[in-house]
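Below: protein.txt (compact mmCIF, C-alpha atoms)
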```txt
# COMPACT_ATOMS: atom_id res chain seq x y z
CA GLY A 1 69.67 152.25 71.74
CA ALA A 2 67.57 155.41 72.07
CA ASP A 3 64.33 156.61 70.47
CA TYR A 4 63.10 160.16 70.26
CA ALA A 5 59.78 160.58 72.05
CA SER A 6 57.13 161.14 69.32
CA LEU A 7 59.53 163.24 67.24
CA GLU A 8 57.25 163.84 64.24
CA ASP A 9 54.19 164.59 66.38
CA ARG A 10 56.09 167.04 68.58
CA VAL A 11 57.67 168.76 65.57
CA SER A 12 54.26 169.08 63.90
CA ALA A 13 52.79 170.61 67.06
CA LEU A 14 55.70 173.04 67.42
CA THR A 15 55.93 174.15 63.79
CA THR A 16 52.20 174.50 63.09
CA LYS A 17 51.29 175.85 66.56
CA ASP A 18 48.08 173.83 66.31
CA PRO A 19 46.41 174.06 69.76
CA ASN A 20 44.94 170.54 69.53
CA LYS A 21 48.41 169.13 68.84
CA LEU A 22 50.16 171.23 71.48
CA LYS A 23 47.74 170.39 74.28
CA VAL A 24 48.71 166.71 74.10
CA TYR A 25 51.99 167.88 75.67
CA THR A 26 50.95 170.99 77.59
CA ASP A 27 47.79 169.50 79.15
CA ASN A 28 48.90 165.84 79.35
CA TYR A 29 46.29 164.39 77.03
CA ASP A 30 46.71 160.86 75.73
CA GLY A 31 46.97 161.68 72.01
CA HIS A 32 45.25 158.49 70.84
CA CYS A 33 42.40 159.04 73.31
CA LEU A 34 41.99 162.64 72.19
CA ARG A 35 41.69 161.61 68.55
CA ALA A 36 39.38 158.71 69.39
CA TYR A 37 37.12 161.24 71.12
CA GLY A 38 37.24 163.44 68.03
CA TYR A 39 36.29 160.57 65.72
CA PHE A 40 33.90 158.47 67.80
CA LYS A 41 32.48 160.63 70.61
CA ASP A 42 28.93 159.69 69.60
CA GLN A 43 29.83 156.12 70.60
CA MET A 44 31.08 157.24 74.05
CA PRO A 45 28.17 159.14 75.64
CA ASP A 46 29.75 159.12 79.12
CA ILE A 47 32.96 160.83 77.96
CA VAL A 48 33.07 164.61 78.34
CA ASN A 49 35.59 167.17 77.10
CA THR A 50 38.06 167.14 80.00
CA VAL A 51 41.58 165.71 80.23
CA LYS A 52 40.62 163.14 82.87
CA SER A 53 37.50 161.97 81.06
CA ILE A 54 39.14 161.77 77.62
CA ASN A 55 42.20 159.95 78.98
CA SER A 56 39.87 157.39 80.58
CA ILE A 57 39.04 156.17 77.06
CA ALA A 58 42.22 154.06 77.28
CA LYS A 59 40.50 151.83 79.88
CA LYS A 60 36.83 152.35 79.06
CA TYR A 61 36.99 152.13 75.27
CA PRO A 62 40.35 150.54 74.34
CA LYS A 63 39.00 149.20 71.03
CA LEU A 64 37.95 152.65 69.86
CA ARG A 65 41.33 154.06 70.93
CA GLN A 66 43.06 151.35 68.89
CA LYS A 67 40.68 151.94 65.98
CA SER A 68 41.71 155.61 65.83
CA LYS A 69 45.40 154.89 65.13
CA ALA A 70 45.36 153.75 61.48
CA PRO A 71 43.11 156.61 60.25
CA THR A 72 45.26 159.18 62.07
CA PHE A 73 48.45 157.86 60.47
CA LEU A 74 46.90 157.85 56.99
CA LEU A 75 45.34 161.31 57.27
CA THR A 76 48.49 162.81 58.81
CA TYR A 77 50.34 161.94 55.60
CA GLN A 78 47.85 163.66 53.31
CA GLY A 79 45.57 160.64 52.82
CA THR A 80 41.83 160.94 52.14
CA TYR A 81 38.64 159.05 52.88
CA HIS A 82 39.38 156.92 49.79
CA GLY A 83 42.48 155.61 51.57
CA LEU A 84 40.45 154.93 54.71
CA MET A 85 38.05 152.85 52.65
CA HIS A 86 40.65 150.93 50.63
CA ASN A 87 43.48 150.59 53.18
CA VAL A 88 41.67 150.56 56.52
CA GLY A 89 38.46 148.88 55.35
CA LEU A 90 35.99 151.53 56.53
CA SER A 91 32.61 152.18 54.96
CA GLU A 92 32.29 155.35 52.88
CA GLU A 93 30.09 156.97 55.53
CA SER A 94 32.49 156.16 58.37
CA ALA A 95 35.56 157.17 56.33
CA LYS A 96 34.08 160.55 55.39
CA SER A 97 33.02 161.19 58.99
CA ILE A 98 36.51 160.45 60.36
CA GLU A 99 38.16 162.54 57.63
CA ASN A 100 35.89 165.50 58.42
CA ASN A 101 36.46 165.16 62.16
CA TYR A 102 40.24 164.93 61.69
CA HIS A 103 40.39 168.10 59.59
CA GLU A 104 38.06 169.92 61.96
CA MET A 105 40.31 168.96 64.88
CA TYR A 106 43.51 169.99 63.11
CA LYS A 107 42.32 172.96 61.05
CA VAL A 108 45.24 175.13 62.22
CA SER A 109 47.89 172.66 61.05
CA ASP A 110 45.97 172.03 57.80
CA ASP A 111 45.99 175.77 57.08
CA TRP A 112 49.70 175.92 57.88
CA VAL A 113 50.46 173.19 55.32
CA LYS A 114 48.20 174.84 52.73
CA GLU A 115 50.08 178.11 53.19
CA LYS A 116 53.43 176.34 52.64
CA LEU A 117 52.13 174.59 49.52
CA ALA A 118 50.71 177.86 48.15
CA LYS A 119 54.21 179.34 48.43
CA ALA A 120 55.62 176.25 46.72
CA SER A 121 53.28 176.78 43.77
CA LYS A 122 54.94 180.18 43.29
CA LEU A 123 58.55 179.40 44.25
CA GLY A 124 58.89 175.82 43.02
CA TYR A 125 60.05 174.41 46.37
CA VAL A 126 59.15 174.04 50.05
CA THR A 127 61.64 174.89 52.78
CA CYS A 128 62.01 172.16 55.39
CA ALA A 129 64.23 171.51 58.42
CA PHE A 130 67.60 173.30 58.50
CA GLY A 131 66.74 175.18 55.28
CA LEU A 132 66.48 171.99 53.18
CA ARG A 133 64.63 172.74 49.93
CA VAL A 134 62.41 170.08 48.40
CA ARG A 135 61.80 170.96 44.76
CA THR A 136 58.20 171.03 43.48
CA PRO A 137 58.49 171.63 39.72
CA ILE A 138 55.02 170.29 38.94
CA LEU A 139 53.40 172.44 41.63
CA LYS A 140 55.03 175.61 40.33
CA ASN A 141 52.46 177.83 38.67
CA THR A 142 49.73 175.25 39.35
CA VAL A 143 46.42 176.26 40.91
CA LEU A 144 45.81 173.96 43.88
CA ASN A 145 42.67 172.48 45.38
CA ASN A 146 40.26 172.62 42.49
CA LYS A 147 38.92 170.06 40.00
CA TYR A 148 41.43 171.15 37.36
CA THR A 149 44.51 170.49 39.51
CA PRO A 150 46.51 167.71 37.77
CA ARG A 151 46.77 164.41 39.61
CA GLU A 152 50.58 164.65 39.44
CA ALA A 153 50.48 168.06 41.14
CA LYS A 154 48.29 166.66 43.93
CA ALA A 155 50.76 163.79 44.42
CA GLU A 156 53.71 166.20 44.55
CA SER A 157 51.87 168.38 47.08
CA ARG A 158 51.42 165.33 49.34
CA THR A 159 55.14 164.55 49.09
CA ALA A 160 56.07 168.17 49.85
CA GLY A 161 53.58 168.37 52.73
CA ASN A 162 55.00 165.21 54.30
CA ALA A 163 58.56 166.48 53.90
CA LEU A 164 57.71 169.52 56.04
CA GLY A 165 57.55 167.23 59.06
CA GLN A 166 59.64 164.20 58.13
CA SER A 167 62.69 166.30 57.28
CA TYR A 168 63.17 166.89 61.01
CA GLY A 169 64.36 163.29 61.15
CA MET A 170 67.72 164.98 60.55
CA PHE A 171 67.71 165.68 64.29
CA ASN A 172 68.73 162.03 64.62
CA ASN A 173 71.87 162.68 62.56
CA LEU A 174 72.56 165.87 64.48
CA ALA A 175 72.38 164.04 67.83
CA ALA A 176 74.54 161.18 66.52
CA ILE A 177 77.27 163.52 65.26
CA GLU A 178 77.40 165.52 68.49
CA PHE A 179 77.40 162.33 70.56
CA GLN A 180 80.23 160.84 68.46
CA LYS A 181 82.32 163.96 69.06
CA ARG A 182 81.83 163.47 72.80
CA VAL A 183 82.66 159.76 72.57
CA LEU A 184 85.92 160.37 70.68
CA ALA A 185 86.96 163.01 73.21
CA SER A 186 86.23 160.71 76.18
CA LYS A 187 87.94 157.71 77.77
CA TYR A 188 85.26 155.53 76.14
CA ALA A 189 86.41 156.24 72.56
CA LEU A 190 87.19 152.54 71.99
CA TYR A 191 84.20 151.20 73.90
CA ILE A 192 81.13 152.89 72.40
CA LYS A 193 80.49 152.16 68.71
CA PRO A 194 77.53 153.22 66.53
CA ILE A 195 75.57 150.44 64.80
CA ALA A 196 72.77 152.22 62.93
CA LEU A 197 70.49 155.24 62.72
CA ILE A 198 66.86 154.53 61.83
CA HIS A 199 64.83 157.73 61.29
CA ASP A 200 64.34 158.77 64.95
CA ALA A 201 66.34 156.06 66.73
CA LEU A 202 70.04 155.45 67.39
CA TYR A 203 71.72 152.10 68.13
CA TYR A 204 75.13 151.36 69.66
CA ILE A 205 77.39 148.69 71.11
CA ALA A 206 78.75 149.77 74.48
CA LEU A 207 81.01 148.25 77.11
CA ASP A 208 79.07 146.39 79.83
CA VAL A 209 80.51 148.49 82.67
CA LEU A 210 78.41 150.70 84.94
CA ASP A 211 80.47 153.89 84.47
CA CYS A 212 80.39 153.52 80.69
CA ILE A 213 76.62 152.96 80.49
CA TYR A 214 76.01 155.84 82.90
CA TRP A 215 78.14 158.16 80.72
CA PHE A 216 76.34 156.89 77.60
CA ASN A 217 72.88 157.53 79.05
CA LYS A 218 73.71 161.02 80.32
CA ASN A 219 75.48 162.28 77.21
CA LEU A 220 73.19 160.83 74.56
CA ALA A 221 70.15 162.28 76.36
CA GLU A 222 71.80 165.71 76.32
CA CYS A 223 72.53 165.44 72.59
CA MET A 224 68.94 164.39 71.82
CA ALA A 225 67.52 167.33 73.80
CA TRP A 226 68.94 169.96 71.40
CA GLN A 227 66.10 172.23 70.28
CA GLU A 228 67.61 175.51 69.13
CA LEU A 229 65.84 175.94 65.80
CA GLU A 230 63.70 179.07 66.09
CA GLU A 231 60.52 177.38 64.86
CA LEU A 232 60.81 174.66 67.52
CA LYS A 233 61.43 176.76 70.62
CA HIS A 234 58.78 176.32 73.31
CA ASP A 235 58.72 176.77 77.07
CA GLN A 236 56.81 173.51 77.69
CA VAL A 237 57.01 171.18 74.70
CA LYS A 238 60.50 169.68 74.56
CA LEU A 239 62.29 167.20 72.32
CA TYR A 240 63.95 164.31 74.11
CA GLY A 241 64.74 160.62 73.95
CA GLU A 242 65.34 157.79 76.42
CA SER A 243 67.91 155.02 76.16
CA ASP A 244 67.28 151.29 76.33
CA ILE A 245 69.70 148.51 77.21
CA PHE A 246 68.98 145.53 74.97
CA TYR A 247 70.21 142.66 77.12
CA PRO A 248 70.86 139.79 76.76
CA ASN A 249 69.44 140.24 73.24
CA TRP A 250 67.20 142.53 71.16
CA SER A 251 64.01 140.92 72.51
CA ASN A 252 64.53 142.45 75.96
CA SER A 253 64.68 146.23 76.34
CA ILE A 254 65.42 147.87 79.70
CA THR A 255 64.50 151.57 79.61
CA LEU A 256 66.80 154.03 81.38
CA PRO A 257 65.13 157.32 82.36
CA ASN A 258 67.14 160.49 81.81
CA LYS A 259 69.11 162.04 84.68
CA ILE A 260 69.25 158.92 86.85
CA SER A 261 72.12 158.20 89.23
CA LYS A 262 74.56 155.32 88.86
CA LYS A 263 72.86 153.56 91.74
CA GLU A 264 69.42 153.88 90.12
CA LEU A 265 70.79 152.73 86.77
CA LYS A 266 72.29 149.62 88.34
CA GLN A 267 69.02 148.79 90.12
CA ILE A 268 66.99 149.22 86.90
CA ALA A 269 69.40 147.07 84.91
CA ILE A 270 69.40 144.27 87.49
CA LYS A 271 65.61 144.35 87.74
CA GLY A 272 65.26 144.23 83.94
CA LYS A 273 67.64 141.30 83.65
CA THR A 274 65.88 139.44 86.49
CA LEU A 275 62.45 139.94 84.93
CA TYR A 276 63.75 138.62 81.61
CA GLU A 277 65.18 135.49 83.25
CA GLU A 278 61.93 134.87 85.17
CA ASN A 279 59.85 135.25 82.00
CA LEU A 280 62.22 132.86 80.21
CA LYS A 281 61.70 130.22 82.92
CA ASN A 282 57.92 130.65 82.69
CA VAL A 283 58.02 130.17 78.91
CA LYS A 284 60.12 127.02 79.26
```
Could you express the structure from this file as structure tokens?
Amino acid sequence: GADYASLEDRVSALTTKDPNKLKVYTDNYDGHCLRAYGYFKDQMPDIVNTVKSINSIAKKYPKLRQKSKAPTFLLTYQGTYHGLMHNVGLSEESAKSIENNYHEMYKVSDDWVKEKLAKASKLGYVTCAFGLRVRTPILKNTVLNNKYTPREAKAESRTAGNALGQSYGMFNNLAAIEFQKRVLASKYALYIKPIALIHDALYYIALDVLDCIYWFNKNLAECMAWQELEELKHDQVKLYGESDIFYPNWSNSITLPNKISKKELKQIAIKGKTLYEENLKNVK
């Protein structure tokens, strides 16, 4: 199997050009730490605004880092402080503070989405990945962001806003199709079979032979690295995925880095299998 590395987050950073989203990848910030600092910095007086200091939140304030995850997910998909109160269980004061801090941190991407939705209110659709149009008939000719905006129009704007990022899940299909072409043209045509695609992950059955797994790892990584859409081109922030061997069952994943040699792959696989067997003995 293989998962894209933070596909939606990377796409959002690349399409919106939001500096606070891009610097997670260009400056090597831990994204969860960066957002925890944005939400709760008053609770971390020893943390200053540097990469090293903010990334240290993972060890110094792991609970606050964990606490930042649910609000970020909800607010990313057009949620509000009401959702933070009802779904996450925050007080009104805390929910409003986090919502304000989130939108202050990601003002550039917020403005980008607002611009897309303003166009949708005139055109009746938003344009997503690969030219996909998501129709917005309720939004058309509706004035957004005031007290007279119908509830249904607000709901449709959230759906359209989410589609702007989630539609790039089609990269998974693109990679799978290109990879299948390579499989069918190779000597492994009968030995590598697709099982399922799940949003940003691909799953296969493959022959348990070193040459086959090496070919699988190399070629699937190449297919998942495709990034030729104009809005996603960047000299530093790249799309990619890494493969896992699930052996002897789904509970044990052995990650295979990209561009490794056959010798390295064999060593990683043996080590992963050995660790699994040792853990199994300890459990028994």
Practice task
Name the residues in contact with Gly89 in chain A at a cut-off of 12 Å, using only C-alpha atoms, excluding same-chain residues fewer than 6 positions from it; report them as a PyMOL selection string.
Solution key: chain A and resi 67+70-71+81-83+95
Can you write out the residues you just picked, keeping C-alpha atoms, as an mmCIF file, in the coordinates of the input?
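Heads up, here's the output in out38.cif:
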```
data_model
loop_
_atom_site.group_PDB
_atom_site.id
_atom_site.type_symbol
_atom_site.label_atom_id
_atom_site.label_comp_id
_atom_site.auth_asym_id
_atom_site.auth_seq_id
_atom_site.Cartn_x
_atom_site.Cartn_y
_atom_site.Cartn_z
ATOM 1 C CA LYS A 67 40.680 151.940 65.980
ATOM 2 C CA ALA A 70 45.360 153.750 61.480
ATOM 3 C CA PRO A 71 43.110 156.610 60.250
ATOM 4 C CA TYR A 81 38.640 159.050 52.880
ATOM 5 C CA HIS A 82 39.380 156.920 49.790
ATOM 6 C CA GLY A 83 42.480 155.610 51.570
ATOM 7 C CA ALA A 95 35.560 157.170 56.330
#
```
For His103 in chain A: contacts at 12 Å, all atoms listed in the file, fewer than 4 positions along chain excluded, given as a PDB file with C-alpha atoms, keeping the file's coordinate frame:
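Final file, result_27.pdb:
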```
ATOM      1  CA  ASP A  18      48.080 173.830  66.310  1.00  0.00           C
ATOM      2  CA  ASN A  20      44.940 170.540  69.530  1.00  0.00           C
ATOM      3  CA  ARG A  35      41.690 161.610  68.550  1.00  0.00           C
ATOM      4  CA  GLY A  38      37.240 163.440  68.030  1.00  0.00           C
ATOM      5  CA  TYR A  39      36.290 160.570  65.720  1.00  0.00           C
ATOM      6  CA  PRO A  71      43.110 156.610  60.250  1.00  0.00           C
ATOM      7  CA  THR A  72      45.260 159.180  62.070  1.00  0.00           C
ATOM      8  CA  LEU A  75      45.340 161.310  57.270  1.00  0.00           C
ATOM      9  CA  THR A  76      48.490 162.810  58.810  1.00  0.00           C
ATOM     10  CA  GLN A  78      47.850 163.660  53.310  1.00  0.00           C
ATOM     11  CA  GLY A  79      45.570 160.640  52.820  1.00  0.00           C
ATOM     12  CA  THR A  80      41.830 160.940  52.140  1.00  0.00           C
ATOM     13  CA  TYR A  81      38.640 159.050  52.880  1.00  0.00           C
ATOM     14  CA  LYS A  96      34.080 160.550  55.390  1.00  0.00           C
ATOM     15  CA  SER A  97      33.020 161.190  58.990  1.00  0.00           C
ATOM     16  CA  ILE A  98      36.510 160.450  60.360  1.00  0.00           C
ATOM     17  CA  GLU A  99      38.160 162.540  57.630  1.00  0.00           C
ATOM     18  CA  LYS A 107      42.320 172.960  61.050  1.00  0.00           C
ATOM     19  CA  VAL A 108      45.240 175.130  62.220  1.00  0.00           C
ATOM     20  CA  SER A 109      47.890 172.660  61.050  1.00  0.00           C
ATOM     21  CA  ASP A 110      45.970 172.030  57.800  1.00  0.00           C
ATOM     22  CA  ASP A 111      45.990 175.770  57.080  1.00  0.00           C
TER      23      ASP A 111
END
```
Practice task
Excluding range 260-263 of chain A and any residue of its chain fewer than 2 positions from it, enumerate the residues within 9 Å of it, using only C-alpha atoms, and give them as a ChimeraX atom specification.
Solution key: /A:210-211,213-214,217-218,256-258,265-268
Problem - For CA of Gly165 in chain A and CA of Trp226 in chain A, the interatomic separation in Å (one decimal) - result: 17.0 Å
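The smallest atom-to-atom distance between Thr15 in chain A and any of A:Leu239, A:Leu174, A:Leu164, A:Ala58, using all atoms listed in the file, is found for A:Leu164.
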Handout entry: Nearest-residue call for Leu7 in chain A, choices A:Leu202, A:Asp244, A:Gln166, A:Glu228, using all atoms listed in the file
Key = A:Gln166
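For the pair CA of Phe130 in chain A and CA of Ser12 in chain A, the separation is 15.0 Å.
Between CA of Tyr25 in chain A and CA of Tyr37 in chain A there is a distance of 16.9 Å.
Restricting the calculation to all atoms listed in the file, the smallest distance between Lys238 in chain A and any of A:Val48, A:Met224, A:Ala118, A:Leu90 is found for A:Met224.
Between Ser94 in chain A and the residues A:Phe40, A:Gln180, A:Gly1, A:Ala185, the shortest atom-to-atom distance, using all atoms listed in the file, involves A:Phe40.
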Exercise for the section: Measuring atom to atom with only C-alpha atoms, identify which of A:Gln227, A:Thr255, A:Thr136, A:Ser186 is nearest to Thr159 in chain A. Expected result: A:Thr136
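Among the candidates A:Pro137, A:Gly131, A:Pro194, A:Gly31, the residue lying nearest to Asn173 in chain A is A:Pro194 (atoms considered: all atoms listed in the file).
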Exercise for the section: With a distance cut-off of 8 Å and all atoms listed in the file, select the neighbouring residues of Lys21 in chain A, excluding the residue or stretch itself and same-chain residues fewer than 2 positions from it, and output the selection as a PyMOL selection string. Expected result: chain A and resi 9-10+12-13+17-19+23-25+106
Mind working out the centre and edge lengths of an axis-aligned box for range 185-198 of chain A, all listed atoms inside, 6 Å added to each side, rounded to one decimal in Å and written as AutoDock Vina command-line options?
```
--center_x 77.4 --center_y 156.7 --center_z 69.8 --size_x 33.1 --size_y 24.6 --size_z 27.9
```
